[in-house]
Amino acid sequence: NYRRSITMPIGTDKMLYENGFLEKEYAKAVSSPFLKQAKAANFDTSRNSTYALPNVVWEERGPNNIPGRGRSIVVAPNNPNKWYNATVGGGVWITDNAGLNWRTTTDFAIPNLSTSTLAISGSNANIVYAGTGEPFGNLDAIAGSGIVKSLDAGETWTFLSNTSNFGSVGRLLANPTDANQIFAATATGIYRTNDGGTSWVKIYTGPGSTLNVQDLQASADFSALYASVNSY
């Protein structure tokens, strides 16, 4: 609704931007005469040449248009062709063939389709967790309502109602050797479960009254955790 309101002229109910407009504009940009001239002159069109990245070729793999912006993508630890994409307005999308086709299993299955983060433990690829909401301070953020869980590799989902007070979830971190231990970085602090979400312990609150923990990462051996905090 917000996007519709800012893209419709006064007095009409038609948006100026049609489906697929991003892909169309990208196609125009890459075919522009200026870009061709720059490439012919060996100019670095991406950034200052001092900091130029290696010659990496990217390919659009979807899903397109419907889900909205993607916040997180996770590859199944037992299948390099199976990916999960957490999208802000369209729930979790799954591909079984490395991006050629996508499907969603979260429509009408979870209470909040704003998903920003995913976690799968390397010890059990069938257990997938998704965190809802955006605790990032963006103007168009969609509020979260906790965490959802799947026991069958994303085909069906269960809402963990005891996480409803977490608010928006910025990052989920799974113990690679224990599928039941999950850490959640949220708008209200960091939480940990050792029993697959049956119970949670708040392990970090911080000194701020409006604490947003927006990112959470672990050392290679999972012996140390590092959190990125906003609104201290």
# chains A, B, ... in the order shown; residues from 1 in each chain; ligands from 1
>>> residues_around(residues="Ile120 in chain A", least_positions_apart="4", cutoff="10 Å", atoms="only C-alpha atoms", output="PyMOL selection string")
chain A and resi 74-77+84+124-130+150+153+172-176+179+182
>>> write_last_selection(atoms="all heavy atoms", output="compact mmCIF listing (two decimals), in the first residue's frame")
# COMPACT_ATOMS: atom_id res chain seq x y z
N VAL A 74 19.88 -18.59 2.08
CA VAL A 74 20.60 -19.68 2.70
C VAL A 74 20.56 -20.89 1.78
O VAL A 74 19.51 -21.21 1.22
CB VAL A 74 19.98 -20.05 4.07
CG1 VAL A 74 20.66 -21.28 4.65
CG2 VAL A 74 20.12 -18.88 5.04
N VAL A 75 21.69 -21.55 1.63
CA VAL A 75 21.78 -22.76 0.82
C VAL A 75 21.66 -23.97 1.74
O VAL A 75 22.30 -24.02 2.80
CB VAL A 75 23.10 -22.82 0.04
CG1 VAL A 75 23.20 -24.10 -0.78
CG2 VAL A 75 23.24 -21.59 -0.86
N ALA A 76 20.83 -24.93 1.37
CA ALA A 76 20.68 -26.14 2.18
C ALA A 76 22.02 -26.84 2.33
O ALA A 76 22.73 -27.04 1.34
CB ALA A 76 19.66 -27.08 1.54
N PRO A 77 22.41 -27.21 3.55
CA PRO A 77 23.73 -27.81 3.76
C PRO A 77 23.91 -29.17 3.09
O PRO A 77 25.04 -29.62 2.91
CB PRO A 77 23.82 -27.92 5.29
CG PRO A 77 22.42 -27.88 5.77
CD PRO A 77 21.67 -27.02 4.80
N TYR A 84 17.02 -21.07 0.02
CA TYR A 84 15.89 -20.43 0.68
C TYR A 84 16.13 -18.92 0.65
O TYR A 84 17.21 -18.46 0.99
CB TYR A 84 15.76 -20.89 2.13
CG TYR A 84 15.51 -22.37 2.30
CD1 TYR A 84 16.58 -23.27 2.27
CD2 TYR A 84 14.23 -22.87 2.51
CE1 TYR A 84 16.37 -24.64 2.44
CE2 TYR A 84 14.01 -24.23 2.68
CZ TYR A 84 15.08 -25.10 2.64
OH TYR A 84 14.87 -26.45 2.81
N ASN A 124 21.15 -30.92 10.75
CA ASN A 124 19.84 -31.40 10.32
C ASN A 124 19.24 -30.41 9.33
O ASN A 124 18.68 -29.39 9.73
CB ASN A 124 18.91 -31.59 11.51
CG ASN A 124 17.62 -32.31 11.14
OD1 ASN A 124 17.19 -32.31 9.99
ND2 ASN A 124 16.99 -32.95 12.12
N ALA A 125 19.35 -30.72 8.04
CA ALA A 125 18.90 -29.79 7.01
C ALA A 125 17.39 -29.68 6.91
O ALA A 125 16.88 -28.79 6.23
CB ALA A 125 19.47 -30.22 5.66
N ASN A 126 16.66 -30.57 7.58
CA ASN A 126 15.20 -30.51 7.53
C ASN A 126 14.64 -29.43 8.45
O ASN A 126 13.49 -29.01 8.29
CB ASN A 126 14.60 -31.86 7.93
CG ASN A 126 14.76 -32.89 6.84
OD1 ASN A 126 14.65 -32.58 5.66
ND2 ASN A 126 15.03 -34.13 7.23
N ILE A 127 15.42 -28.98 9.42
CA ILE A 127 14.95 -27.98 10.39
C ILE A 127 15.37 -26.59 9.92
O ILE A 127 16.56 -26.28 9.85
CB ILE A 127 15.48 -28.27 11.79
CG1 ILE A 127 15.06 -29.67 12.25
CG2 ILE A 127 14.97 -27.23 12.77
CD1 ILE A 127 15.55 -30.05 13.63
N VAL A 128 14.39 -25.78 9.59
CA VAL A 128 14.63 -24.43 9.08
C VAL A 128 13.90 -23.43 9.97
O VAL A 128 12.74 -23.63 10.32
CB VAL A 128 14.13 -24.29 7.63
CG1 VAL A 128 14.48 -22.91 7.08
CG2 VAL A 128 14.70 -25.39 6.74
N TYR A 129 14.58 -22.36 10.33
CA TYR A 129 13.99 -21.28 11.13
C TYR A 129 13.95 -20.01 10.29
O TYR A 129 14.88 -19.72 9.52
CB TYR A 129 14.81 -21.01 12.39
CG TYR A 129 14.90 -22.17 13.36
CD1 TYR A 129 15.89 -23.14 13.20
CD2 TYR A 129 14.02 -22.28 14.44
CE1 TYR A 129 15.99 -24.21 14.10
CE2 TYR A 129 14.12 -23.33 15.33
CZ TYR A 129 15.10 -24.30 15.15
OH TYR A 129 15.19 -25.35 16.04
N ALA A 130 12.90 -19.23 10.45
CA ALA A 130 12.79 -17.93 9.78
C ALA A 130 12.35 -16.88 10.78
O ALA A 130 11.42 -17.09 11.56
CB ALA A 130 11.80 -17.99 8.62
N SER A 150 10.25 -24.82 10.56
CA SER A 150 9.83 -25.94 9.72
C SER A 150 10.64 -27.18 10.09
O SER A 150 11.85 -27.11 10.32
CB SER A 150 10.06 -25.62 8.23
OG SER A 150 9.79 -26.76 7.42
N ALA A 153 12.05 -29.27 5.94
CA ALA A 153 12.81 -28.53 4.92
C ALA A 153 12.01 -27.42 4.26
O ALA A 153 12.19 -27.12 3.08
CB ALA A 153 13.37 -29.48 3.87
N LEU A 172 19.18 -14.72 12.60
CA LEU A 172 19.15 -16.00 13.29
C LEU A 172 20.46 -16.71 13.05
O LEU A 172 21.02 -16.66 11.96
CB LEU A 172 18.00 -16.87 12.78
CG LEU A 172 16.58 -16.41 13.11
CD1 LEU A 172 15.56 -17.31 12.40
CD2 LEU A 172 16.33 -16.41 14.61
N LEU A 173 20.96 -17.36 14.07
CA LEU A 173 22.24 -18.06 13.97
C LEU A 173 22.06 -19.47 14.53
O LEU A 173 21.64 -19.65 15.67
CB LEU A 173 23.31 -17.31 14.76
CG LEU A 173 24.76 -17.75 14.61
CD1 LEU A 173 25.22 -17.57 13.16
CD2 LEU A 173 25.65 -16.94 15.54
N ALA A 174 22.36 -20.47 13.71
CA ALA A 174 22.19 -21.87 14.11
C ALA A 174 23.54 -22.48 14.46
O ALA A 174 24.52 -22.30 13.75
CB ALA A 174 21.53 -22.66 12.99
N ASN A 175 23.56 -23.23 15.55
CA ASN A 175 24.75 -24.00 15.90
C ASN A 175 24.95 -25.06 14.83
O ASN A 175 24.05 -25.86 14.57
CB ASN A 175 24.56 -24.66 17.27
CG ASN A 175 25.82 -25.32 17.77
OD1 ASN A 175 26.59 -25.91 17.01
ND2 ASN A 175 26.04 -25.26 19.08
N PRO A 176 26.09 -25.11 14.17
CA PRO A 176 26.28 -26.06 13.06
C PRO A 176 26.26 -27.52 13.48
O PRO A 176 26.06 -28.40 12.64
CB PRO A 176 27.65 -25.66 12.48
CG PRO A 176 28.35 -24.96 13.60
CD PRO A 176 27.28 -24.26 14.39
N ALA A 179 21.13 -28.81 15.97
CA ALA A 179 19.99 -28.17 15.32
C ALA A 179 19.01 -27.57 16.31
O ALA A 179 18.14 -26.77 15.92
CB ALA A 179 19.27 -29.18 14.43
N ILE A 182 19.63 -22.37 18.76
CA ILE A 182 19.47 -21.24 17.86
C ILE A 182 19.62 -19.95 18.66
O ILE A 182 19.13 -19.83 19.78
CB ILE A 182 18.09 -21.27 17.17
CG1 ILE A 182 17.91 -22.57 16.39
CG2 ILE A 182 17.91 -20.06 16.25
CD1 ILE A 182 18.84 -22.72 15.21
>>> closest_residue(among="A:Val148, A:Leu211, A:Ala187, A:Ala27", to="Leu118 in chain A", atoms="only C-alpha atoms")
A:Val148
>>> select_by_dssp(residues="range 68-215 of chain A", states="strand (DSSP E)", output="VMD selection string")
chain A and resid 70 to 75 83 to 87 91 to 95 103 to 104 115 to 120 128 to 132 147 to 150 158 to 160 169 to 175 178 to 186 189 to 193 201 to 204 212 to 215
>>> residues_around(residues="Glu155 in chain A", least_positions_apart="3", cutoff="12 Å", atoms="only C-alpha atoms", output="list in words")
Tyr84, Val92, Trp93, Ile94, Thr95, Arg103, Thr104, Thr105, Thr106, Asp107, Ala109, Ile110, Asn126, Ile127, Val128, Lys149, Ser150, Leu151, Asp152 and Thr158 of chain A
>>> write_last_selection(atoms="all heavy atoms", output="compact mmCIF listing (two decimals), in the first residue's frame")
# COMPACT_ATOMS: atom_id res chain seq x y z
N TYR A 84 17.02 -21.07 0.02
CA TYR A 84 15.89 -20.43 0.68
C TYR A 84 16.13 -18.92 0.65
O TYR A 84 17.21 -18.46 0.99
CB TYR A 84 15.76 -20.89 2.13
CG TYR A 84 15.51 -22.37 2.30
CD1 TYR A 84 16.58 -23.27 2.27
CD2 TYR A 84 14.23 -22.87 2.51
CE1 TYR A 84 16.37 -24.64 2.44
CE2 TYR A 84 14.01 -24.23 2.68
CZ TYR A 84 15.08 -25.10 2.64
OH TYR A 84 14.87 -26.45 2.81
N VAL A 92 8.91 -16.77 2.71
CA VAL A 92 10.09 -17.55 2.32
C VAL A 92 9.84 -18.21 0.97
O VAL A 92 8.81 -18.86 0.76
CB VAL A 92 10.40 -18.62 3.38
CG1 VAL A 92 11.60 -19.46 2.94
CG2 VAL A 92 10.66 -17.98 4.73
N TRP A 93 10.81 -18.05 0.08
CA TRP A 93 10.75 -18.66 -1.25
C TRP A 93 11.84 -19.72 -1.36
O TRP A 93 12.94 -19.56 -0.82
CB TRP A 93 10.90 -17.61 -2.34
CG TRP A 93 9.69 -16.74 -2.46
CD1 TRP A 93 9.24 -15.82 -1.56
CD2 TRP A 93 8.75 -16.72 -3.53
NE1 TRP A 93 8.08 -15.23 -2.00
CE2 TRP A 93 7.76 -15.77 -3.22
CE3 TRP A 93 8.66 -17.41 -4.74
CZ2 TRP A 93 6.68 -15.49 -4.06
CZ3 TRP A 93 7.58 -17.14 -5.59
CH2 TRP A 93 6.61 -16.20 -5.24
N ILE A 94 11.54 -20.80 -2.07
CA ILE A 94 12.45 -21.95 -2.17
C ILE A 94 12.68 -22.30 -3.64
O ILE A 94 11.75 -22.30 -4.45
CB ILE A 94 11.85 -23.17 -1.44
CG1 ILE A 94 11.52 -22.84 0.01
CG2 ILE A 94 12.82 -24.35 -1.50
CD1 ILE A 94 10.73 -23.93 0.72
N THR A 95 13.93 -22.58 -3.97
CA THR A 95 14.26 -23.15 -5.27
C THR A 95 14.96 -24.49 -5.06
O THR A 95 15.80 -24.62 -4.17
CB THR A 95 15.16 -22.22 -6.12
OG1 THR A 95 15.51 -22.88 -7.35
CG2 THR A 95 16.44 -21.87 -5.38
N ARG A 103 9.23 -21.28 -5.61
CA ARG A 103 7.90 -21.49 -5.05
C ARG A 103 7.92 -20.99 -3.61
O ARG A 103 8.98 -20.86 -3.00
CB ARG A 103 7.52 -22.97 -5.09
CG ARG A 103 8.50 -23.86 -4.35
CD ARG A 103 8.27 -25.35 -4.64
NE ARG A 103 9.30 -26.17 -4.02
CZ ARG A 103 9.25 -26.64 -2.79
NH1 ARG A 103 8.16 -26.38 -2.04
NH2 ARG A 103 10.21 -27.38 -2.29
N THR A 104 6.75 -20.72 -3.09
CA THR A 104 6.64 -20.30 -1.69
C THR A 104 5.69 -21.22 -0.94
O THR A 104 4.67 -21.64 -1.50
CB THR A 104 6.18 -18.84 -1.56
OG1 THR A 104 6.11 -18.49 -0.17
CG2 THR A 104 4.83 -18.61 -2.20
N THR A 105 6.03 -21.53 0.28
CA THR A 105 5.20 -22.40 1.10
C THR A 105 4.66 -21.68 2.33
O THR A 105 4.04 -22.31 3.19
CB THR A 105 6.01 -23.63 1.57
OG1 THR A 105 7.18 -23.18 2.29
CG2 THR A 105 6.44 -24.48 0.39
N THR A 106 4.90 -20.38 2.41
CA THR A 106 4.52 -19.64 3.61
C THR A 106 3.20 -18.89 3.49
O THR A 106 2.67 -18.42 4.49
CB THR A 106 5.63 -18.64 4.01
OG1 THR A 106 6.00 -17.88 2.85
CG2 THR A 106 6.83 -19.37 4.55
N ASP A 107 2.65 -18.74 2.28
CA ASP A 107 1.37 -18.07 2.11
C ASP A 107 0.30 -18.77 2.94
O ASP A 107 0.11 -19.99 2.83
CB ASP A 107 0.95 -18.05 0.65
CG ASP A 107 1.73 -17.05 -0.18
OD1 ASP A 107 2.53 -16.31 0.40
OD2 ASP A 107 1.56 -17.03 -1.42
N ALA A 109 0.32 -19.66 5.78
CA ALA A 109 0.88 -20.67 6.69
C ALA A 109 1.57 -20.05 7.89
O ALA A 109 1.77 -20.73 8.91
CB ALA A 109 1.87 -21.56 5.94
N ILE A 110 1.95 -18.78 7.80
CA ILE A 110 2.61 -18.11 8.92
C ILE A 110 1.92 -16.78 9.16
O ILE A 110 1.30 -16.21 8.25
CB ILE A 110 4.13 -17.91 8.67
CG1 ILE A 110 4.38 -16.98 7.47
CG2 ILE A 110 4.81 -19.25 8.44
CD1 ILE A 110 5.85 -16.69 7.23
N ASN A 126 16.66 -30.57 7.58
CA ASN A 126 15.20 -30.51 7.53
C ASN A 126 14.64 -29.43 8.45
O ASN A 126 13.49 -29.01 8.29
CB ASN A 126 14.60 -31.86 7.93
CG ASN A 126 14.76 -32.89 6.84
OD1 ASN A 126 14.65 -32.58 5.66
ND2 ASN A 126 15.03 -34.13 7.23
N ILE A 127 15.42 -28.98 9.42
CA ILE A 127 14.95 -27.98 10.39
C ILE A 127 15.37 -26.59 9.92
O ILE A 127 16.56 -26.28 9.85
CB ILE A 127 15.48 -28.27 11.79
CG1 ILE A 127 15.06 -29.67 12.25
CG2 ILE A 127 14.97 -27.23 12.77
CD1 ILE A 127 15.55 -30.05 13.63
N VAL A 128 14.39 -25.78 9.59
CA VAL A 128 14.63 -24.43 9.08
C VAL A 128 13.90 -23.43 9.97
O VAL A 128 12.74 -23.63 10.32
CB VAL A 128 14.13 -24.29 7.63
CG1 VAL A 128 14.48 -22.91 7.08
CG2 VAL A 128 14.70 -25.39 6.74
N LYS A 149 9.11 -21.95 12.33
CA LYS A 149 10.00 -23.10 12.24
C LYS A 149 9.39 -24.16 11.32
O LYS A 149 8.18 -24.38 11.32
CB LYS A 149 10.23 -23.69 13.64
CG LYS A 149 11.09 -24.94 13.69
CD LYS A 149 11.21 -25.45 15.12
CE LYS A 149 12.04 -26.73 15.21
NZ LYS A 149 12.15 -27.22 16.61
N SER A 150 10.25 -24.82 10.56
CA SER A 150 9.83 -25.94 9.72
C SER A 150 10.64 -27.18 10.09
O SER A 150 11.85 -27.11 10.32
CB SER A 150 10.06 -25.62 8.23
OG SER A 150 9.79 -26.76 7.42
N LEU A 151 9.96 -28.32 10.12
CA LEU A 151 10.62 -29.60 10.41
C LEU A 151 10.78 -30.46 9.17
O LEU A 151 11.31 -31.56 9.25
CB LEU A 151 9.83 -30.37 11.48
CG LEU A 151 9.76 -29.73 12.86
CD1 LEU A 151 8.83 -30.55 13.77
CD2 LEU A 151 11.14 -29.62 13.49
N ASP A 152 10.28 -29.96 8.02
CA ASP A 152 10.34 -30.75 6.80
C ASP A 152 10.94 -29.95 5.64
O ASP A 152 10.41 -29.94 4.53
CB ASP A 152 8.95 -31.27 6.43
CG ASP A 152 7.90 -30.15 6.37
OD1 ASP A 152 8.29 -28.96 6.40
OD2 ASP A 152 6.71 -30.48 6.30
N THR A 158 5.51 -23.81 11.46
CA THR A 158 4.84 -23.63 12.74
C THR A 158 5.32 -22.33 13.37
O THR A 158 6.52 -22.04 13.39
CB THR A 158 5.14 -24.80 13.70
OG1 THR A 158 4.68 -26.02 13.12
CG2 THR A 158 4.44 -24.59 15.04
>>> residues_around(residues="Pro80 in chain A", least_positions_apart="5", cutoff="9 Å", atoms="only C-alpha atoms", output="list in words")
Val75, Asp96, Asn97 and Ala98 of chain A
>>> residues_around(residues="Arg61 in chain A", least_positions_apart="5", cutoff="9 Å", atoms="only C-alpha atoms", output="ChimeraX atom specification")
/A:98-101
>>> select_by_dssp(residues="range 64-194 of chain A", states="helix (DSSP H, G or I)", output="list of chain:residue names")
A:Ser161, A:Asn162, A:Thr163, A:Ser164, A:Asn165, A:Phe166
>>> closest_residue(among="A:Gly146, A:Ala218, A:Thr163, A:Ser72", to="Ser199 in chain A", atoms="only C-alpha atoms")
A:Thr163
>>> atom_distance(atom1="CA of Leu139 in chain A", atom2="CA of Phe108 in chain A")
26.0 Å
>>> closest_residue(among="A:Ile73, A:Ile203, A:Ala185, A:Leu113", to="Ser228 in chain A", atoms="only C-alpha atoms")
A:Ala185
>>> closest_residue(among="A:Ser161, A:Ser32, A:Ser116, A:Thr156", to="Ala141 in chain A", atoms="only C-alpha atoms")
A:Ser116
